[in-house]
>>> print(open('data_32.cif').read())   # mmCIF, C-alpha atoms
data_final
#
loop_
_atom_site.label_atom_id
_atom_site.label_comp_id
_atom_site.auth_asym_id
_atom_site.auth_seq_id
_atom_site.Cartn_x
_atom_site.Cartn_y
_atom_site.Cartn_z
CA MET A 1404 -45.85 -9.59 204.86
CA ILE A 1405 -48.95 -9.05 206.94
CA ASN A 1406 -50.78 -12.00 208.38
CA VAL A 1407 -54.32 -10.93 207.66
CA MET A 1408 -55.98 -14.31 207.95
CA HIS A 1409 -56.32 -15.75 211.39
CA GLU A 1410 -56.79 -19.45 211.93
CA ILE A 1411 -59.41 -20.43 214.44
CA LYS A 1412 -61.12 -23.66 215.28
CA VAL A 1413 -64.91 -23.89 215.21
CA ALA A 1414 -66.48 -27.19 216.26
CA GLY A 1415 -63.18 -28.98 215.73
CA GLN A 1416 -62.80 -27.57 212.19
CA GLN A 1417 -60.00 -25.25 211.17
CA ILE A 1418 -61.32 -22.14 209.38
CA ASN A 1419 -59.76 -18.85 208.34
CA MET A 1420 -61.08 -15.57 209.66
CA PRO A 1421 -59.77 -12.02 209.26
CA ASN A 1422 -57.47 -11.37 212.19
CA PRO A 1423 -59.18 -8.72 214.32
CA LYS A 1424 -55.78 -7.61 215.67
CA ARG A 1425 -54.14 -7.34 212.26
CA PRO A 1426 -51.78 -4.38 211.98
CA VAL A 1427 -53.00 -1.44 209.92
CA PHE A 1428 -50.00 -0.74 207.75
CA LEU A 1429 -50.15 2.90 206.69
CA ASN A 1430 -46.57 4.07 207.06
CA LEU A 1431 -46.52 6.58 204.20
CA LEU A 1432 -42.72 6.41 203.99
CA GLN A 1433 -42.86 2.68 203.32
CA ILE A 1434 -45.66 2.64 200.79
CA ARG A 1435 -44.03 2.47 197.40
CA LEU A 1436 -46.27 4.36 195.02
CA PRO A 1437 -45.95 3.66 191.29
CA LEU A 1438 -45.18 6.71 189.11
CA MET A 1439 -48.82 6.88 187.97
CA GLY A 1440 -49.72 7.06 191.64
CA TRP A 1441 -47.47 10.10 192.11
CA VAL A 1442 -49.18 11.89 189.22
CA SER A 1443 -52.55 11.08 190.78
CA ILE A 1444 -51.68 12.20 194.31
CA ALA A 1445 -50.04 15.36 192.94
CA HIS A 1446 -53.22 16.09 190.95
CA ARG A 1447 -55.18 15.86 194.19
CA LEU A 1448 -52.65 17.88 196.24
CA THR A 1449 -52.37 20.67 193.65
CA GLY A 1450 -56.15 20.85 193.42
CA VAL A 1451 -56.52 21.24 197.19
CA MET A 1452 -53.72 23.85 197.33
CA LEU A 1453 -55.30 25.89 194.54
CA PHE A 1454 -58.66 25.65 196.30
CA LEU A 1455 -57.17 26.86 199.59
CA LEU A 1456 -55.40 29.81 197.93
CA LEU A 1457 -58.34 30.79 195.68
CA PRO A 1458 -59.27 33.87 197.81
CA LEU A 1459 -55.89 35.43 196.90
CA PRO A 1460 -56.42 35.72 193.10
CA LEU A 1461 -60.06 36.61 193.73
CA TRP A 1462 -59.01 39.47 196.00
CA LEU A 1463 -56.35 40.66 193.52
CA TRP A 1464 -58.98 40.59 190.78
CA GLN A 1465 -61.35 42.66 192.93
CA GLN A 1466 -58.63 45.22 193.75
CA SER A 1467 -57.55 45.47 190.12
CA LEU A 1468 -61.10 46.42 189.06
CA ASN A 1469 -61.61 48.98 191.87
CA SER A 1470 -59.85 52.09 190.61
CA VAL A 1471 -56.80 53.28 188.68
CA ALA A 1472 -54.84 53.60 191.93
CA ASP A 1473 -55.79 50.12 193.17
CA PHE A 1474 -54.97 48.68 189.74
CA ALA A 1475 -51.49 50.25 189.97
CA GLN A 1476 -51.13 48.93 193.52
CA VAL A 1477 -51.85 45.39 192.34
CA GLY A 1478 -49.19 45.90 189.69
CA HIS A 1479 -46.67 46.85 192.39
CA TRP A 1480 -47.63 43.83 194.49
CA LEU A 1481 -47.14 41.56 191.49
CA GLU A 1482 -43.60 42.90 191.12
CA ALA A 1483 -42.73 42.24 194.76
CA TRP A 1484 -41.17 38.84 195.32
CA PRO A 1485 -43.48 37.33 197.98
CA LEU A 1486 -46.63 37.57 195.89
CA ARG A 1487 -44.76 36.79 192.68
CA LEU A 1488 -43.31 33.64 194.22
CA LEU A 1489 -46.71 32.52 195.52
CA LEU A 1490 -48.43 33.15 192.19
CA LEU A 1491 -45.64 31.35 190.31
CA LEU A 1492 -46.07 28.37 192.63
CA MET A 1493 -49.82 28.49 191.98
CA LEU A 1494 -49.12 28.58 188.24
CA TRP A 1495 -46.87 25.53 188.61
CA TRP A 1496 -49.54 23.66 190.56
CA PHE A 1497 -52.18 24.74 188.06
CA LEU A 1498 -50.14 23.46 185.10
CA HIS A 1499 -49.63 20.08 186.76
CA HIS A 1500 -53.33 19.93 187.66
CA LEU A 1501 -54.27 20.87 184.08
CA PHE A 1502 -52.00 18.37 182.31
CA ALA A 1503 -52.71 15.56 184.76
CA GLY A 1504 -56.42 16.33 184.31
CA ILE A 1505 -56.16 16.13 180.52
CA ARG A 1506 -54.29 12.83 180.96
CA PHE A 1507 -57.12 11.49 183.15
CA LEU A 1508 -59.72 12.64 180.60
CA LEU A 1509 -57.85 10.70 177.90
CA LEU A 1510 -57.60 7.66 180.20
CA ASP A 1511 -61.39 7.89 180.71
CA MET A 1512 -61.74 7.56 176.95
CA GLU A 1513 -59.33 4.61 177.10
CA ILE A 1514 -56.68 6.57 175.23
CA GLY A 1515 -53.23 5.65 176.48
CA ALA A 1516 -54.70 3.36 179.10
CA SER A 1517 -52.32 0.45 178.54
CA LEU A 1518 -49.75 0.00 181.29
CA LYS A 1519 -46.84 0.89 179.03
CA VAL A 1520 -48.32 4.11 177.62
CA ALA A 1521 -49.83 5.18 180.95
CA ARG A 1522 -46.47 4.74 182.66
CA GLY A 1523 -44.79 6.66 179.85
CA SER A 1524 -47.23 9.58 180.08
CA ALA A 1525 -46.82 9.62 183.87
CA ILE A 1526 -43.03 9.82 183.55
CA GLY A 1527 -43.39 12.48 180.86
CA LEU A 1528 -45.66 14.56 183.06
CA LEU A 1529 -43.35 14.30 186.08
CA LEU A 1530 -40.41 15.31 183.86
CA LEU A 1531 -42.46 18.27 182.59
CA ASP A 1532 -43.14 19.29 186.22
CA ALA A 1533 -39.41 19.22 186.94
CA LEU A 1534 -38.64 21.11 183.73
CA LEU A 1535 -41.20 23.81 184.58
CA LEU A 1536 -39.69 24.17 188.06
CA VAL A 1537 -36.18 24.57 186.61
CA ALA A 1538 -37.45 26.99 183.94
CA GLY A 1539 -39.25 29.02 186.61
CA GLY A 1540 -36.12 29.17 188.76
CA TRP A 1541 -34.03 30.13 185.70
CA TRP A 1542 -36.43 32.93 184.76
CA TRP A 1543 -36.41 34.20 188.35
CA LEU A 1544 -32.58 34.41 188.48
CA MET B 716 -75.97 16.62 201.64
CA SER B 717 -73.72 13.85 200.38
CA ASN B 718 -76.21 13.21 197.59
CA VAL B 719 -75.64 16.67 196.15
CA LEU B 720 -73.76 16.12 192.92
CA SER B 721 -72.75 12.55 193.60
CA GLY B 722 -72.19 9.46 191.50
CA LEU B 723 -72.41 9.73 187.74
CA SER B 724 -73.58 13.35 187.71
CA ALA B 725 -70.58 14.37 189.82
CA TRP B 726 -68.26 12.50 187.46
CA LEU B 727 -69.83 14.32 184.51
CA VAL B 728 -69.86 17.75 186.18
CA GLN B 729 -66.18 17.35 187.07
CA ARG B 730 -65.24 16.72 183.44
CA LEU B 731 -67.58 19.18 181.73
CA SER B 732 -66.54 21.97 184.11
CA ALA B 733 -62.88 21.09 183.52
CA ILE B 734 -63.35 21.47 179.77
CA TYR B 735 -65.07 24.85 180.17
CA LEU B 736 -62.37 26.06 182.59
CA LEU B 737 -59.73 25.04 180.05
CA LEU B 738 -61.49 26.83 177.15
CA TYR B 739 -61.87 30.05 179.19
CA THR B 740 -58.23 29.85 180.28
CA LEU B 741 -57.07 29.42 176.66
CA LEU B 742 -59.17 32.41 175.53
CA GLY B 743 -57.72 34.46 178.41
CA LEU B 744 -54.22 33.43 177.35
CA VAL B 745 -54.93 34.50 173.75
CA TRP B 746 -56.15 37.87 175.04
CA LEU B 747 -53.02 38.27 177.22
CA ILE B 748 -50.69 37.48 174.32
CA ASN B 749 -52.48 39.96 172.06
CA THR B 750 -52.46 42.72 174.68
CA PRO B 751 -48.96 44.20 175.00
CA THR B 752 -49.72 46.51 177.94
CA ILE B 753 -52.76 46.20 180.15
CA SER B 754 -54.07 49.55 181.41
CA PHE B 755 -56.85 50.02 183.94
CA PRO B 756 -59.42 51.33 181.38
CA LEU B 757 -58.69 48.39 179.08
CA TRP B 758 -58.90 45.87 181.96
CA HIS B 759 -62.08 47.43 183.32
CA ALA B 760 -63.75 47.62 179.91
CA LEU B 761 -62.91 43.97 179.28
CA PHE B 762 -65.10 42.68 182.11
CA ALA B 763 -67.80 45.27 181.37
CA GLN B 764 -68.48 43.61 178.01
CA PRO B 765 -71.66 41.53 178.43
CA LEU B 766 -70.19 38.47 176.71
CA VAL B 767 -67.02 38.52 178.83
CA ALA B 768 -69.04 39.15 182.00
CA ILE B 769 -71.35 36.19 181.27
CA ALA B 770 -68.44 33.92 180.27
CA THR B 771 -66.62 34.92 183.48
CA ALA B 772 -69.70 34.30 185.62
CA MET B 773 -69.97 30.87 184.02
CA PHE B 774 -66.26 30.33 184.68
CA ILE B 775 -66.73 31.07 188.38
CA LEU B 776 -69.76 28.78 188.53
CA ALA B 777 -67.88 25.98 186.74
CA LEU B 778 -64.89 26.49 189.04
CA LEU B 779 -67.03 26.28 192.19
CA MET B 780 -68.77 23.12 190.94
CA HIS B 781 -65.39 21.64 190.00
CA ILE B 782 -64.11 22.43 193.51
CA TRP B 783 -67.25 20.98 195.12
CA VAL B 784 -66.83 17.61 193.40
CA GLY B 785 -63.04 17.48 193.85
CA VAL B 786 -62.82 18.50 197.50
CA ARG B 787 -65.90 16.41 198.30
CA ASP B 788 -64.03 13.38 196.94
CA VAL B 789 -61.07 14.21 199.17
CA ILE B 790 -63.30 14.61 202.24
CA LEU B 791 -65.14 11.33 201.55
CA ASP B 792 -61.81 9.52 201.07
CA TYR B 793 -60.23 10.67 204.32
CA ALA B 794 -63.22 11.35 206.57
CA GLY B 795 -65.81 9.07 204.99
CA HIS B 796 -66.04 6.77 208.02
CA PHE B 797 -66.97 9.51 210.48
CA ALA B 798 -70.48 10.68 209.68
CA ALA B 799 -70.48 13.78 211.91
CA LEU B 800 -67.06 14.96 210.73
CA ARG B 801 -67.96 14.24 207.10
CA LEU B 802 -71.20 16.21 207.28
CA THR B 803 -69.50 19.11 209.09
CA LEU B 804 -66.70 19.33 206.52
CA LEU B 805 -69.12 19.08 203.58
CA ALA B 806 -71.35 21.77 205.10
CA LEU B 807 -68.35 24.05 205.68
CA LEU B 808 -67.16 23.45 202.12
CA GLY B 809 -70.62 24.23 200.72
CA ALA B 810 -70.95 27.42 202.78
CA TRP B 811 -67.42 28.52 201.82
CA LEU B 812 -68.09 27.96 198.11
CA ILE B 813 -71.41 29.84 198.26
CA ALA B 814 -69.58 32.73 199.99
CA LEU B 815 -66.93 32.76 197.25
CA GLY B 816 -69.71 32.72 194.65
CA ILE B 817 -71.47 35.73 196.19
CA TRP B 818 -68.15 37.56 196.49
CA SER B 819 -67.33 36.86 192.80
CA ALA B 820 -70.81 38.01 191.73
CA ALA B 821 -70.27 41.25 193.65
CA ILE B 822 -66.89 41.83 191.96
CA LEU B 823 -68.36 41.16 188.55
CA LEU B 824 -71.43 43.36 189.10
CA GLU B 825 -69.23 46.23 190.31
CA GLY B 826 -66.99 45.75 187.29
CA VAL B 827 -69.95 45.82 184.92
CA LEU B 828 -72.01 48.57 186.53
CA SER B 829 -69.32 50.99 187.70
#
>>> encode(input="data_32.cif", output="structure tokens")
Amino acid sequence: MINVMHEIKVAGQQINMPNPKRPVFLNLLQIRLPLMGWVSIAHRLTGVMLFLLLPLPLWLWQQSLNSVADFAQVGHWLEAWPLRLLLLLMLWWFLHHLFAGIRFLLLDMEIGASLKVARGSAIGLLLLDALLLVAGGWWWL
Amino acid sequence: MSNVLSGLSAWLVQRLSAIYLLLYTLLGLVWLINTPTISFPLWHALFAQPLVAIATAMFILALLMHIWVGVRDVILDYAGHFAALRLTLLALLGAWLIALGIWSAAILLEGVLS
């Protein structure tokens, strides 16, 4: 697809060199990631999202330990939909991050590392993600 | 800076911290299931227990180390070729995590002492 090697002549001899003008092909919409790749990139994305939103639970924790009134206030915030939605999303991301992480730990120990089993566990995990999303939506409505 | 927790030790820290975070989370879940209604006195007393306070402090420390290794990997993957950008991002990340650590310590100390 991409002509990486570039034929040049040096002292009358034909040799292959990397083409300095080769196209860098990073169109994300055209890269076809295997299912294991989706689990991996989602593990990374969920981790970064949880990291970015970490001040929120930390702040709620601080408020909840302040006083009886602040504790009750946190309770009211948790019942309001914006915070509830955000925390549910964080829970969803956390669960993916957790299960994908356990899967990677097992892969480190060469458990389920064959292509067949690894693909199966990746599909299972993505199905679980979808199931959790549906269950969350169901519980909400 | 980029040698802080790199290579094999980073790999190990990432996994050991993950296991501790999981254990703490499971214990927290058990506590939640066994506590029908959470009142302020109950919640406050929970973190005032020395064992819970120490376990929580260790949880925060493990979480910050876990974040350091994970986000550092992301930075090195996407900004690894640009030394100045890489160092800036790693420094910002380190400062941010230290700030979160101090904040968490303050919350915990207030919870224990007050």
>>> resolve_selection(input="data_32.cif", expression="the PyMOL selection byres ((chain A) within 6 of (chain B))", output="number ranges by chain")
A: 1465, 1468, 1471
>>> resolve_selection(input="data_32.cif", expression="the PyMOL selection byres ((chain A and resi 1458) around 12)", output="compact mmCIF listing (two decimals) with C-alpha atoms, in the frame of the given file")
# COMPACT_ATOMS: atom_id res chain seq x y z
CA MET A 1452 -53.72 23.85 197.33
CA LEU A 1453 -55.30 25.89 194.54
CA PHE A 1454 -58.66 25.65 196.30
CA LEU A 1455 -57.17 26.86 199.59
CA LEU A 1456 -55.40 29.81 197.93
CA LEU A 1457 -58.34 30.79 195.68
CA LEU A 1459 -55.89 35.43 196.90
CA PRO A 1460 -56.42 35.72 193.10
CA LEU A 1461 -60.06 36.61 193.73
CA TRP A 1462 -59.01 39.47 196.00
CA LEU A 1463 -56.35 40.66 193.52
CA TRP A 1464 -58.98 40.59 190.78
CA GLN A 1465 -61.35 42.66 192.93
CA TRP B 811 -67.42 28.52 201.82
CA LEU B 812 -68.09 27.96 198.11
CA ALA B 814 -69.58 32.73 199.99
CA LEU B 815 -66.93 32.76 197.25
CA GLY B 816 -69.71 32.72 194.65
CA TRP B 818 -68.15 37.56 196.49
CA SER B 819 -67.33 36.86 192.80
>>> atom_distance(input="data_32.cif", atom1="atom CA of Val1477 of chain A", atom2="atom CA of Trp1543 of chain A")
19.5 Å
>>> atom_distance(input="data_32.cif", atom1="atom CA of Trp1496 of chain A", atom2="atom CA of His1446 of chain A")
8.4 Å
>>> atom_distance(input="data_32.cif", atom1="atom CA of Ser724 of chain B", atom2="atom CA of Asp1511 of chain A")
15.1 Å
>>> resolve_selection(input="data_32.cif", expression="the PyMOL selection byres ((chain A and resi 1521) around 12)", output="PyMOL selection string")
chain A and resi 1437-1440+1442-1443+1503+1506-1507+1509-1511+1513-1520+1522-1528
>>> write_last_selection(input="data_32.cif", atoms="C-alpha atoms", output="PDB file, in the frame of the given file")
ATOM      1  CA  PRO A1437     -45.950   3.660 191.290  1.00  0.00           C
ATOM      2  CA  LEU A1438     -45.180   6.710 189.110  1.00  0.00           C
ATOM      3  CA  MET A1439     -48.820   6.880 187.970  1.00  0.00           C
ATOM      4  CA  GLY A1440     -49.720   7.060 191.640  1.00  0.00           C
ATOM      5  CA  VAL A1442     -49.180  11.890 189.220  1.00  0.00           C
ATOM      6  CA  SER A1443     -52.550  11.080 190.780  1.00  0.00           C
ATOM      7  CA  ALA A1503     -52.710  15.560 184.760  1.00  0.00           C
ATOM      8  CA  ARG A1506     -54.290  12.830 180.960  1.00  0.00           C
ATOM      9  CA  PHE A1507     -57.120  11.490 183.150  1.00  0.00           C
ATOM     10  CA  LEU A1509     -57.850  10.700 177.900  1.00  0.00           C
ATOM     11  CA  LEU A1510     -57.600   7.660 180.200  1.00  0.00           C
ATOM     12  CA  ASP A1511     -61.390   7.890 180.710  1.00  0.00           C
ATOM     13  CA  GLU A1513     -59.330   4.610 177.100  1.00  0.00           C
ATOM     14  CA  ILE A1514     -56.680   6.570 175.230  1.00  0.00           C
ATOM     15  CA  GLY A1515     -53.230   5.650 176.480  1.00  0.00           C
ATOM     16  CA  ALA A1516     -54.700   3.360 179.100  1.00  0.00           C
ATOM     17  CA  SER A1517     -52.320   0.450 178.540  1.00  0.00           C
ATOM     18  CA  LEU A1518     -49.750   0.000 181.290  1.00  0.00           C
ATOM     19  CA  LYS A1519     -46.840   0.890 179.030  1.00  0.00           C
ATOM     20  CA  VAL A1520     -48.320   4.110 177.620  1.00  0.00           C
ATOM     21  CA  ARG A1522     -46.470   4.740 182.660  1.00  0.00           C
ATOM     22  CA  GLY A1523     -44.790   6.660 179.850  1.00  0.00           C
ATOM     23  CA  SER A1524     -47.230   9.580 180.080  1.00  0.00           C
ATOM     24  CA  ALA A1525     -46.820   9.620 183.870  1.00  0.00           C
ATOM     25  CA  ILE A1526     -43.030   9.820 183.550  1.00  0.00           C
ATOM     26  CA  GLY A1527     -43.390  12.480 180.860  1.00  0.00           C
ATOM     27  CA  LEU A1528     -45.660  14.560 183.060  1.00  0.00           C
TER      28      LEU A1528
END
>>> residues_around(input="data_32.cif", residues="Gly1540 of chain A", least_positions_apart="6", cutoff="12 Å", atoms="all atoms listed in the file", output="list in words")
Leu1488, Leu1491, Leu1492, Trp1495, Ala1533 and Leu1534 of chain A
>>> closest_residue(input="data_32.cif", among="A:Ala1538, A:Ser1467, A:Arg1447, A:Ile1434", to="Asp792 of chain B", atoms="all atoms listed in the file")
A:Arg1447
>>> closest_residue(input="data_32.cif", among="B:Leu738, B:Leu731, B:Leu791, B:Leu807", to="Thr771 of chain B", atoms="only C-alpha atoms")
B:Leu738
>>> closest_residue(input="data_32.cif", among="A:Leu1530, A:Leu1536, A:Leu1436, A:Met1493", to="Val1451 of chain A", atoms="only C-alpha atoms")
A:Met1493
>>> closest_residue(input="data_32.cif", among="A:Leu1529, A:Gly1450, A:Trp1542, A:Ser1470", to="Gly1504 of chain A", atoms="only C-alpha atoms")
A:Gly1450
>>> residues_near_point(input="data_32.cif", point="(-69.7, 20.6, 200.9)", cutoff="7 Å", atoms="all atoms listed in the file", output="PDB file with C-alpha atoms, keeping the file's coordinate frame")
ATOM      1  CA  TRP B 783     -67.250  20.980 195.120  1.00  0.00           C
ATOM      2  CA  ARG B 787     -65.900  16.410 198.300  1.00  0.00           C
ATOM      3  CA  LEU B 804     -66.700  19.330 206.520  1.00  0.00           C
ATOM      4  CA  LEU B 805     -69.120  19.080 203.580  1.00  0.00           C
ATOM      5  CA  ALA B 806     -71.350  21.770 205.100  1.00  0.00           C
ATOM      6  CA  LEU B 807     -68.350  24.050 205.680  1.00  0.00           C
ATOM      7  CA  LEU B 808     -67.160  23.450 202.120  1.00  0.00           C
ATOM      8  CA  GLY B 809     -70.620  24.230 200.720  1.00  0.00           C
TER       9      GLY B 809
END
